[in-house]
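Containing compact mmCIF, C-alpha atoms: model_7.txt.
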```txt
# COMPACT_ATOMS: atom_id res chain seq x y z
CA GLY T 1 2.59 2.79 63.79
CA GLN T 2 3.32 0.71 66.87
CA ASP T 3 2.98 -2.67 65.20
CA SER T 4 3.50 -1.98 61.50
CA ARG T 5 6.18 -4.61 60.82
CA ARG T 6 4.19 -7.62 62.02
CA GLY T 7 1.01 -5.84 61.08
CA THR T 8 -1.94 -6.38 63.38
CA PHE T 9 -4.21 -5.07 60.64
CA GLY T 10 -3.82 -3.63 57.15
CA GLN T 11 -0.09 -4.08 56.54
CA ARG T 12 0.13 -7.70 57.62
CA HIS T 13 3.50 -9.45 57.48
CA ALA T 14 5.36 -6.48 56.00
CA VAL T 15 8.42 -7.86 57.79
CA LEU T 16 8.99 -11.56 58.44
CA VAL T 17 11.38 -12.73 61.16
CA ASP T 18 13.28 -16.01 60.85
CA ARG T 19 12.70 -17.59 64.23
CA GLU T 20 15.95 -19.59 64.01
CA THR T 21 18.35 -16.83 62.94
CA GLY T 22 16.41 -13.75 64.08
CA GLN T 23 16.98 -12.12 60.68
CA ASP T 24 14.37 -9.80 59.19
CA TYR T 25 13.01 -10.25 55.67
CA SER T 26 10.79 -7.72 53.88
CA PRO T 27 9.25 -9.36 50.78
CA LEU T 28 8.27 -6.03 49.21
CA LEU T 29 11.93 -5.03 49.02
CA TYR T 30 12.58 -7.71 46.40
CA LEU T 31 9.95 -7.21 43.72
CA SER T 32 12.32 -5.90 41.05
CA GLU T 33 15.85 -4.59 40.73
CA ASP T 34 14.86 -0.98 40.03
CA GLN T 35 12.01 -0.66 42.52
CA ALA T 36 11.47 2.13 45.02
CA ARG T 37 12.67 1.89 48.61
CA TYR T 38 10.32 0.31 51.14
CA ASN T 39 10.81 0.92 54.86
CA VAL T 40 8.65 -0.25 57.77
CA TYR T 41 9.19 0.93 61.33
CA ASP T 42 7.53 0.16 64.63
CA SER T 43 7.13 3.46 66.43
CA LEU T 44 7.30 4.17 70.13
CA LEU T 45 4.06 3.91 72.08
CA SER T 46 2.92 7.42 71.18
CA GLU T 47 0.27 8.60 68.76
CA TYR T 48 0.94 12.34 69.00
CA ALA T 49 4.73 12.19 68.57
CA ALA T 50 4.73 9.49 65.89
CA MET T 51 2.00 11.04 63.74
CA GLY T 52 3.62 14.45 64.10
CA PHE T 53 6.92 13.00 62.90
CA GLU T 54 5.31 11.29 59.89
CA TYR T 55 3.51 14.51 58.96
CA GLY T 56 6.84 16.35 59.06
CA TYR T 57 8.54 13.59 57.09
CA SER T 58 5.84 13.85 54.39
CA LEU T 59 6.73 17.53 53.99
CA ALA T 60 10.44 16.77 53.65
CA ARG T 61 9.82 13.87 51.24
CA PRO T 62 6.83 14.83 49.09
CA ASP T 63 7.74 12.09 46.58
CA ALA T 64 7.35 9.31 49.18
CA LEU T 65 4.18 7.52 50.24
CA VAL T 66 4.28 8.14 54.00
CA MET T 67 1.78 6.05 55.97
CA TRP T 68 1.02 6.11 59.69
CA GLU T 69 -1.05 3.14 60.88
CA ALA T 70 -2.98 3.03 64.12
CA GLN T 71 -3.21 -0.29 65.90
CA PHE T 72 -6.91 0.47 66.27
CA GLY T 73 -8.63 3.42 64.61
CA ASP T 74 -9.46 4.98 67.97
CA PHE T 75 -5.76 5.36 68.74
CA ALA T 76 -5.55 8.38 66.43
CA ASN T 77 -7.50 10.25 69.12
CA GLY T 78 -4.20 10.77 70.95
CA ALA T 79 -2.92 12.74 67.95
CA GLN T 80 -6.03 14.85 67.40
CA THR T 81 -4.00 18.07 67.66
CA VAL T 82 -1.87 17.04 64.68
CA ILE T 83 -4.99 16.24 62.65
CA ASP T 84 -6.84 19.45 63.55
CA GLU T 85 -4.00 21.93 63.41
CA LEU T 86 -1.87 20.50 60.60
CA ILE T 87 -3.22 17.66 58.46
CA SER T 88 -6.71 19.05 57.83
CA SER T 89 -5.98 22.78 57.75
CA ALA T 90 -2.32 23.52 56.84
CA GLU T 91 -3.08 24.02 53.17
CA GLN T 92 -5.61 26.76 53.83
CA LYS T 93 -3.59 28.36 56.66
CA TRP T 94 -0.14 28.35 55.09
CA ASN T 95 -0.52 26.83 51.61
CA GLN T 96 1.43 23.88 53.01
CA THR T 97 0.52 20.63 51.25
CA SER T 98 1.15 17.10 52.49
CA GLY T 99 0.45 13.62 51.17
CA VAL T 100 0.59 11.90 54.57
CA THR T 101 -1.69 8.87 54.78
CA LEU T 102 -3.45 7.74 57.96
CA LEU T 103 -4.51 4.10 58.14
CA LEU T 104 -7.18 3.60 60.79
CA PRO T 105 -8.48 0.03 61.33
CA HIS T 106 -12.25 0.22 61.61
CA GLY T 107 -15.20 -2.13 61.91
CA TYR T 108 -17.64 -3.22 64.57
CA GLU T 109 -16.41 -6.62 65.73
CA GLY T 110 -17.86 -6.80 69.25
CA GLN T 111 -14.53 -5.93 70.89
CA GLY T 112 -15.88 -3.01 72.88
CA PRO T 113 -15.81 0.78 72.54
CA ASP T 114 -12.04 1.28 72.47
CA HIS T 115 -11.50 -1.14 69.59
CA SER T 116 -14.45 -0.33 67.36
CA SER T 117 -14.67 3.13 65.89
CA ALA T 118 -12.13 5.24 64.03
CA ARG T 119 -14.51 8.17 64.54
CA ILE T 120 -15.38 8.64 60.88
CA GLU T 121 -17.63 11.55 61.76
CA ARG T 122 -14.73 13.64 63.08
CA TYR T 123 -12.71 13.42 59.87
CA LEU T 124 -15.70 14.19 57.66
CA GLN T 125 -16.51 17.18 59.84
CA LEU T 126 -13.02 18.52 59.06
CA CYS T 127 -13.48 18.07 55.31
CA ALA T 128 -13.97 21.16 53.17
CA GLN T 129 -12.40 22.82 50.12
CA ASN T 130 -11.05 19.44 48.94
CA ASN T 131 -8.53 19.56 51.79
CA MET T 132 -8.10 15.76 52.08
CA THR T 133 -9.39 12.42 50.88
CA VAL T 134 -11.38 10.11 53.16
CA ALA T 135 -11.95 6.54 51.97
CA MET T 136 -13.26 3.22 53.22
CA PRO T 137 -12.44 0.53 50.64
CA THR T 138 -13.98 -2.94 50.80
CA LEU T 139 -11.69 -4.79 48.37
CA PRO T 140 -7.91 -5.39 48.51
CA SER T 141 -7.53 -4.30 44.88
CA ASN T 142 -9.44 -1.07 45.46
CA TYR T 143 -7.26 -0.32 48.49
CA PHE T 144 -4.16 -1.00 46.38
CA HIS T 145 -5.31 1.32 43.60
CA LEU T 146 -6.22 3.96 46.20
CA LEU T 147 -2.61 3.98 47.46
CA ARG T 148 -1.31 4.12 43.87
CA TRP T 149 -3.62 7.04 43.19
CA GLN T 150 -2.35 8.80 46.32
CA VAL T 151 1.22 8.63 44.98
CA HIS T 152 0.33 9.87 41.49
CA ASN T 153 -2.36 12.39 42.46
CA PRO T 154 -1.15 15.77 41.11
CA HIS T 155 -3.07 17.49 43.93
CA HIS T 156 -0.98 16.72 47.01
CA LYS T 157 -3.55 15.99 49.76
CA PRO T 158 -3.63 13.99 52.99
CA LEU T 159 -5.44 10.65 52.80
CA VAL T 160 -7.43 9.04 55.62
CA VAL T 161 -8.28 5.37 55.08
CA PHE T 162 -10.56 3.35 57.34
CA THR T 163 -8.88 -0.01 56.89
CA PRO T 164 -10.43 -3.42 57.60
CA LYS T 165 -10.20 -5.73 60.58
CA SER T 166 -12.29 -8.90 60.15
CA MET T 167 -12.28 -8.40 56.36
CA LEU T 168 -8.64 -9.51 56.38
CA ARG T 169 -9.93 -13.02 57.10
CA LEU T 170 -13.16 -12.82 55.09
CA LYS T 171 -13.12 -14.98 51.98
CA ALA T 172 -15.68 -12.75 50.26
CA ALA T 173 -13.36 -9.74 50.57
CA THR T 174 -10.77 -10.89 48.06
CA SER T 175 -9.54 -9.74 44.66
CA LYS T 176 -8.12 -11.59 41.68
CA ALA T 177 -4.50 -10.93 40.65
CA GLU T 178 -5.59 -9.19 37.44
CA GLU T 179 -7.65 -6.73 39.49
CA PHE T 180 -4.38 -5.45 40.94
CA THR T 181 -2.48 -5.31 37.65
CA SER T 182 -5.24 -3.49 35.75
CA GLY T 183 -7.96 -0.97 36.46
CA SER T 184 -7.99 1.97 38.86
CA PHE T 185 -9.54 3.11 42.11
CA ARG T 186 -13.35 2.98 42.07
CA PRO T 187 -14.94 5.59 44.38
CA VAL T 188 -18.31 3.85 43.95
CA ILE T 189 -18.81 0.12 43.46
CA GLY T 190 -22.21 -0.59 41.96
CA ASP T 191 -24.21 -3.77 42.27
CA ASP T 192 -23.95 -6.04 39.24
CA SER T 193 -25.44 -9.05 41.05
CA VAL T 194 -29.04 -7.88 40.57
CA ASN T 195 -31.10 -6.85 37.55
CA ALA T 196 -31.34 -3.06 37.77
CA ALA T 197 -34.89 -3.06 36.40
CA ASP T 198 -36.05 -5.29 39.28
CA VAL T 199 -34.58 -3.13 42.03
CA ARG T 200 -37.09 -1.45 44.33
CA LYS T 201 -34.69 -0.52 47.13
CA VAL T 202 -31.16 0.89 46.92
CA VAL T 203 -28.96 0.56 50.00
CA PHE T 204 -25.83 2.72 50.27
CA CYS T 205 -23.09 1.65 52.65
CA SER T 206 -19.34 1.66 53.29
CA GLY T 207 -16.98 -0.86 54.81
CA LYS T 208 -17.54 -4.25 56.44
CA VAL T 209 -21.30 -3.88 56.84
CA TYR T 210 -21.61 -4.43 53.07
CA TYR T 211 -20.62 -8.09 53.50
CA ASP T 212 -23.08 -8.57 56.36
CA LEU T 213 -25.85 -7.16 54.18
CA ALA T 214 -24.81 -9.19 51.14
CA GLU T 215 -24.84 -12.41 53.19
CA GLU T 216 -28.33 -11.68 54.53
CA ARG T 217 -29.66 -10.77 51.08
CA THR T 218 -28.42 -14.11 49.72
CA LYS T 219 -29.96 -15.94 52.67
CA ARG T 220 -33.33 -14.31 51.97
CA GLY T 221 -33.08 -14.85 48.22
CA LEU T 222 -33.88 -11.21 47.46
CA THR T 223 -33.45 -9.79 43.96
CA ASP T 224 -35.11 -6.40 44.41
CA THR T 225 -32.45 -4.79 46.64
CA ALA T 226 -29.21 -3.26 45.35
CA LEU T 227 -26.20 -2.74 47.62
CA VAL T 228 -24.08 0.22 46.50
CA ARG T 229 -20.69 0.74 48.14
CA ILE T 230 -19.40 4.29 48.58
CA GLU T 231 -15.66 3.66 48.78
CA ARG T 232 -14.67 7.34 48.90
CA LEU T 233 -16.60 9.38 51.42
CA TYR T 234 -14.86 12.68 50.68
CA PRO T 235 -14.89 14.23 48.21
CA LEU T 236 -18.28 12.57 47.79
CA PRO T 237 -18.25 11.03 44.28
CA GLY T 238 -21.31 12.85 42.97
CA GLU T 239 -21.11 11.98 39.27
CA GLU T 240 -20.44 8.30 39.93
CA LEU T 241 -23.30 8.14 42.44
CA GLN T 242 -25.75 9.81 40.08
CA ALA T 243 -24.79 7.42 37.28
CA GLU T 244 -25.31 4.42 39.57
CA ILE T 245 -28.61 5.68 40.97
CA ALA T 246 -29.91 6.36 37.45
CA ARG T 247 -29.63 2.61 36.68
CA TYR T 248 -32.42 1.85 39.16
CA SER T 249 -35.30 3.62 37.48
CA ASN T 250 -37.92 1.63 39.42
CA ALA T 251 -36.41 2.13 42.88
CA ALA T 252 -38.74 3.75 45.40
CA LYS T 253 -36.71 3.41 48.60
CA PHE T 254 -33.20 4.65 49.33
CA VAL T 255 -31.37 3.65 52.50
CA TRP T 256 -28.08 4.55 54.14
CA ALA T 257 -26.89 1.64 56.31
CA GLN T 258 -24.02 1.87 58.78
CA GLU T 259 -22.77 -0.03 61.82
CA GLU T 260 -22.03 3.08 63.84
CA PRO T 261 -24.53 4.90 66.08
CA ALA T 262 -26.75 7.46 64.36
CA ASN T 263 -24.76 10.44 65.64
CA GLN T 264 -21.47 8.89 64.52
CA GLY T 265 -19.99 7.28 61.41
CA ALA T 266 -20.63 8.79 57.99
CA TRP T 267 -24.35 9.46 58.48
CA PRO T 268 -24.14 13.10 59.72
CA PHE T 269 -22.12 13.92 56.58
CA VAL T 270 -24.13 11.71 54.21
CA ALA T 271 -27.44 13.10 55.44
CA LEU T 272 -26.32 16.62 54.47
CA ASN T 273 -24.74 15.76 51.12
CA LEU T 274 -26.06 12.58 49.52
CA ILE T 275 -29.66 13.81 49.35
CA ASP T 276 -28.73 16.42 46.73
CA HIS T 277 -27.41 13.72 44.41
CA LEU T 278 -30.56 11.66 44.89
CA ASP T 279 -32.67 14.63 43.84
CA LEU T 280 -30.58 15.17 40.71
CA ALA T 281 -30.65 11.50 39.75
CA VAL T 282 -34.28 10.54 40.41
CA GLY T 283 -36.07 13.87 40.73
CA ALA T 284 -37.84 15.43 43.67
CA ASP T 285 -41.18 13.74 42.99
CA ILE T 286 -40.38 10.94 45.46
CA PRO T 287 -41.81 11.76 48.92
CA ALA T 288 -39.10 13.13 51.20
CA PRO T 289 -39.17 10.31 53.80
CA GLU T 290 -38.53 7.80 51.02
CA ARG T 291 -35.60 9.65 49.46
CA LEU T 292 -33.06 8.56 52.06
CA ARG T 293 -33.63 6.62 55.26
CA ARG T 294 -31.01 5.78 57.86
CA VAL T 295 -30.48 2.34 59.37
CA SER T 296 -27.91 2.30 62.15
CA ARG T 297 -27.40 1.72 65.82
CA PRO T 298 -29.25 4.23 68.05
CA HIS T 299 -27.60 7.47 69.07
CA GLY T 300 -24.82 6.74 71.56
CA SER T 301 -22.31 8.58 73.72
CA SER T 302 -19.86 5.68 73.32
CA PRO T 303 -18.56 4.36 69.98
CA ALA T 304 -19.85 0.89 70.89
CA VAL T 305 -21.36 -1.16 73.69
CA GLY T 306 -19.16 -3.06 76.13
CA SER T 307 -20.96 -6.40 75.84
CA ASN T 308 -20.26 -8.79 72.97
CA LYS T 309 -23.72 -10.36 73.28
CA ARG T 310 -25.39 -6.98 73.09
CA HIS T 311 -23.21 -6.10 70.10
CA GLN T 312 -24.31 -9.24 68.26
CA ALA T 313 -27.97 -8.53 69.00
CA GLU T 314 -27.60 -4.98 67.71
CA GLN T 315 -25.87 -6.18 64.55
CA VAL T 316 -28.59 -8.73 63.78
CA ALA T 317 -31.31 -6.12 64.34
CA LEU T 318 -29.52 -3.62 62.12
CA VAL T 319 -29.14 -6.05 59.20
CA ASN T 320 -32.74 -7.23 59.51
CA GLU T 321 -34.07 -3.68 59.51
CA VAL T 322 -32.37 -2.93 56.18
CA PHE T 323 -34.43 -5.64 54.47
CA ASP T 324 -37.62 -5.37 56.53
CA ILE T 325 -38.38 -1.71 55.89
```
Turn the structure described in the file into structure tokens.
Amino acid sequence: GQDSRRGTFGQRHAVLVDRETGQDYSPLLYLSEDQARYNVYDSLLSEYAAMGFEYGYSLARPDALVMWEAQFGDFANGAQTVIDELISSAEQKWNQTSGVTLLLPHGYEGQGPDHSSARIERYLQLCAQNNMTVAMPTLPSNYFHLLRWQVHNPHHKPLVVFTPKSMLRLKAATSKAEEFTSGSFRPVIGDDSVNAADVRKVVFCSGKVYYDLAEERTKRGLTDTALVRIERLYPLPGEELQAEIARYSNAAKFVWAQEEPANQGAWPFVALNLIDHLDLAVGADIPAPERLRRVSRPHGSSPAVGSNKRHQAEQVALVNEVFDI
């Protein structure tokens, strides 16, 4: 991407520059004597050309982890042709596989429409026949294991990751060292902070909004609401979701919460697919309106509003609605 060495977002400080000598230093090049090569480049100011190059490079070097990072998630819009015509469909059209990884910083931070949405809904609309993986991890360790999985996955598929922005500075979004050196990628992160038998409401979410909801739940002192993180949006982790839902045998309300407007984000995809897993896990005897309810911003033609004050008011209303319904 255009700022990958310094790293505005996910790949922070991949390259350090000595301000006295001007020399570059890449810490990840010196982990061990027999390690793999690690190269970081700042591309020219072009989404279409740079992403197209990285896609081609991933075909020439299938053994490499090739990552293209947008400065903001929206910036991938300029390379939509590459995504539509190659990344999402080349396997079906020509049996051409690629492991290219797109890193799209995402999260509603009140910075306006151009710096808010990575257009999750577009990628999920392109998903079918297990053509690619779409993920939105909330923990550094889970992101790390996701990249490891991408390298070792025997099924060579593109990976789209909605990477964090404010979570890079959020103390709650941290992992212990042993969580990197052990374990594996978790497509669903259940809620171990509440007693499953006491849960009356299960809230599904992805990304930064989880931490907003967790903070409000603590503030209210609630013990009857579980927050379940769906870290992999496609393929939707059906078995893991059903196992998690089955823990909450007394739950009567199920909610999908997202920061994005109702016609954007993961909701259009979740509304069509998650409901089947709810039926399998809890049965169809729960009234339909209670099976899955959406909490989000209203439908919008823009990814976000242009006013920070209005953004903050919307965010407060969204979080409150999750716990008030």
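For Ala135 (chain T), the residues within 10 Å (counting only C-alpha atoms, excluding itself and residues fewer than 4 positions away along the chain) are Leu103, Ile120, Tyr143, Leu146, Leu159, Val160, Val161, Phe162, Thr163, Pro187, Ser206, Gly207, Ile230, Glu231, Arg232, Leu233, Tyr234, Pro235 and Leu236 of chain T.
Among T:Glu121, T:Glu69, T:Asp192, T:Glu54, the residue with the shortest atom-to-atom distance to Pro261 (chain T), counting all atoms listed in the file, is T:Glu121.
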Residues of region 15-112 of chain T at most 10 Å from region 246-259 of chain T: nearest atom pair and distance in Å, all atoms listed in the file, as a tab-separated table:
```
residue	atom	partner	partner_atom	distance
T:Gly107	CA	T:Glu259	CA	7.9
T:Tyr108	CA	T:Glu259	CA	6.6
T:Glu109	CA	T:Glu259	CA	10.0
```
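Candidate residues T:Gly265, T:Ala128, T:His152, T:Gln111 were compared for distance to Lys309 (chain T), and the nearest is T:Gln111, using all atoms listed in the file.
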Could you work out an axis-aligned box for region 123-133 of chain T, taking every atom the file lists and adding 6 Å on each side, and report centre and edge lengths in Å to one decimal, as lines of an AutoDock Vina configuration file?
```
center_x = -12.3
center_y = 17.6
center_z = 54.4
size_x = 20.4
size_y = 22.4
size_z = 22.9
```
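Between CA of Asp191 (chain T) and CA of Arg229 (chain T) the separation is 8.2 Å.
Nearest to Arg200 (chain T) of all the residues T:Ile245, T:Leu86, T:Leu170, T:Val66 is T:Ile245, based on all atoms listed in the file.
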All residues 12 Å or closer to Lys219 (chain T), all atoms listed in the file, same chain fewer than 6 positions away omitted, as a compact mmCIF listing (two decimals) with C-alpha atoms, in the coordinates of the input:
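Wrote it out as around_8.txt, contents follow:
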```
# COMPACT_ATOMS: atom_id res chain seq x y z
CA ASP T 212 -23.08 -8.57 56.36
CA LEU T 213 -25.85 -7.16 54.18
CA VAL T 319 -29.14 -6.05 59.20
CA ASN T 320 -32.74 -7.23 59.51
CA PHE T 323 -34.43 -5.64 54.47
```
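Rounded to one decimal, CA of Pro27 (chain T) and CA of Phe53 (chain T) lie 25.5 Å from each other.
In terms of minimum interatomic distance to Ala118 (chain T), T:Gly73 ranks closest within T:Pro140, T:Gly73, T:Gly56, T:Pro154, counting only C-alpha atoms.
Every protein, DNA or RNA residue with an atom at most 6 Å from Val199 (chain T), where all atoms listed in the file count and chain neighbours fewer than 3 positions away do not, is listed here: Ala196, Asp224, Thr225 and Ala251 of chain T.
Residue neighbourhood of Arg186 (chain T), excluding near-sequence residues (fewer than 2 positions): Asn142, Ser184, Val188, Ile189 and Glu231 of chain T, at 8 Å, using all atoms listed in the file.
Across the structure, CA of Ser32 (chain T) and CA of Leu104 (chain T) are spaced 29.3 Å apart.
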ask   = How would you write as an MDAnalysis selection string the residues that get within 7 Å of (-3.8, 18.0, 49.2) in the file's frame, counting only C-alpha atoms?
value = chainID T and resid 97:99 131:132 155:158
query = Which one is closest to Ala36 (chain T): T:Asp63, T:Arg12, T:Met167, T:Asp24? Count only C-alpha atoms.
reply = T:Asp63
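Proximity ranking of T:Leu29, T:Val295, T:Ala79, T:Leu59 relative to Ala266 (chain T) places T:Val295 first, based on all atoms listed in the file.
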Every residue with an atom at most 10 Å from (-9.3, 13.1, 66.4) (file coordinates; all atoms listed in the file) is what I'm after, so could you write them as a PDB file with C-alpha atoms, in the frame of the given file?
```pdb
ATOM      1  CA  GLY T  73      -8.630   3.420  64.610  1.00  0.00           C
ATOM      2  CA  ASP T  74      -9.460   4.980  67.970  1.00  0.00           C
ATOM      3  CA  PHE T  75      -5.760   5.360  68.740  1.00  0.00           C
ATOM      4  CA  ALA T  76      -5.550   8.380  66.430  1.00  0.00           C
ATOM      5  CA  ASN T  77      -7.500  10.250  69.120  1.00  0.00           C
ATOM      6  CA  GLY T  78      -4.200  10.770  70.950  1.00  0.00           C
ATOM      7  CA  ALA T  79      -2.920  12.740  67.950  1.00  0.00           C
ATOM      8  CA  GLN T  80      -6.030  14.850  67.400  1.00  0.00           C
ATOM      9  CA  THR T  81      -4.000  18.070  67.660  1.00  0.00           C
ATOM     10  CA  VAL T  82      -1.870  17.040  64.680  1.00  0.00           C
ATOM     11  CA  ILE T  83      -4.990  16.240  62.650  1.00  0.00           C
ATOM     12  CA  ASP T  84      -6.840  19.450  63.550  1.00  0.00           C
ATOM     13  CA  ALA T 118     -12.130   5.240  64.030  1.00  0.00           C
ATOM     14  CA  ARG T 119     -14.510   8.170  64.540  1.00  0.00           C
ATOM     15  CA  ILE T 120     -15.380   8.640  60.880  1.00  0.00           C
ATOM     16  CA  GLU T 121     -17.630  11.550  61.760  1.00  0.00           C
ATOM     17  CA  ARG T 122     -14.730  13.640  63.080  1.00  0.00           C
ATOM     18  CA  TYR T 123     -12.710  13.420  59.870  1.00  0.00           C
ATOM     19  CA  LEU T 126     -13.020  18.520  59.060  1.00  0.00           C
TER      20      LEU T 126
END
```
request  = Skip Tyr38 (chain T) itself and residues of its chain fewer than 5 positions away, then list as a PyMOL selection string all residues within 10 Å of it, counting only C-alpha atoms.
outcome  = chain T and resi 14+26-30+64-65
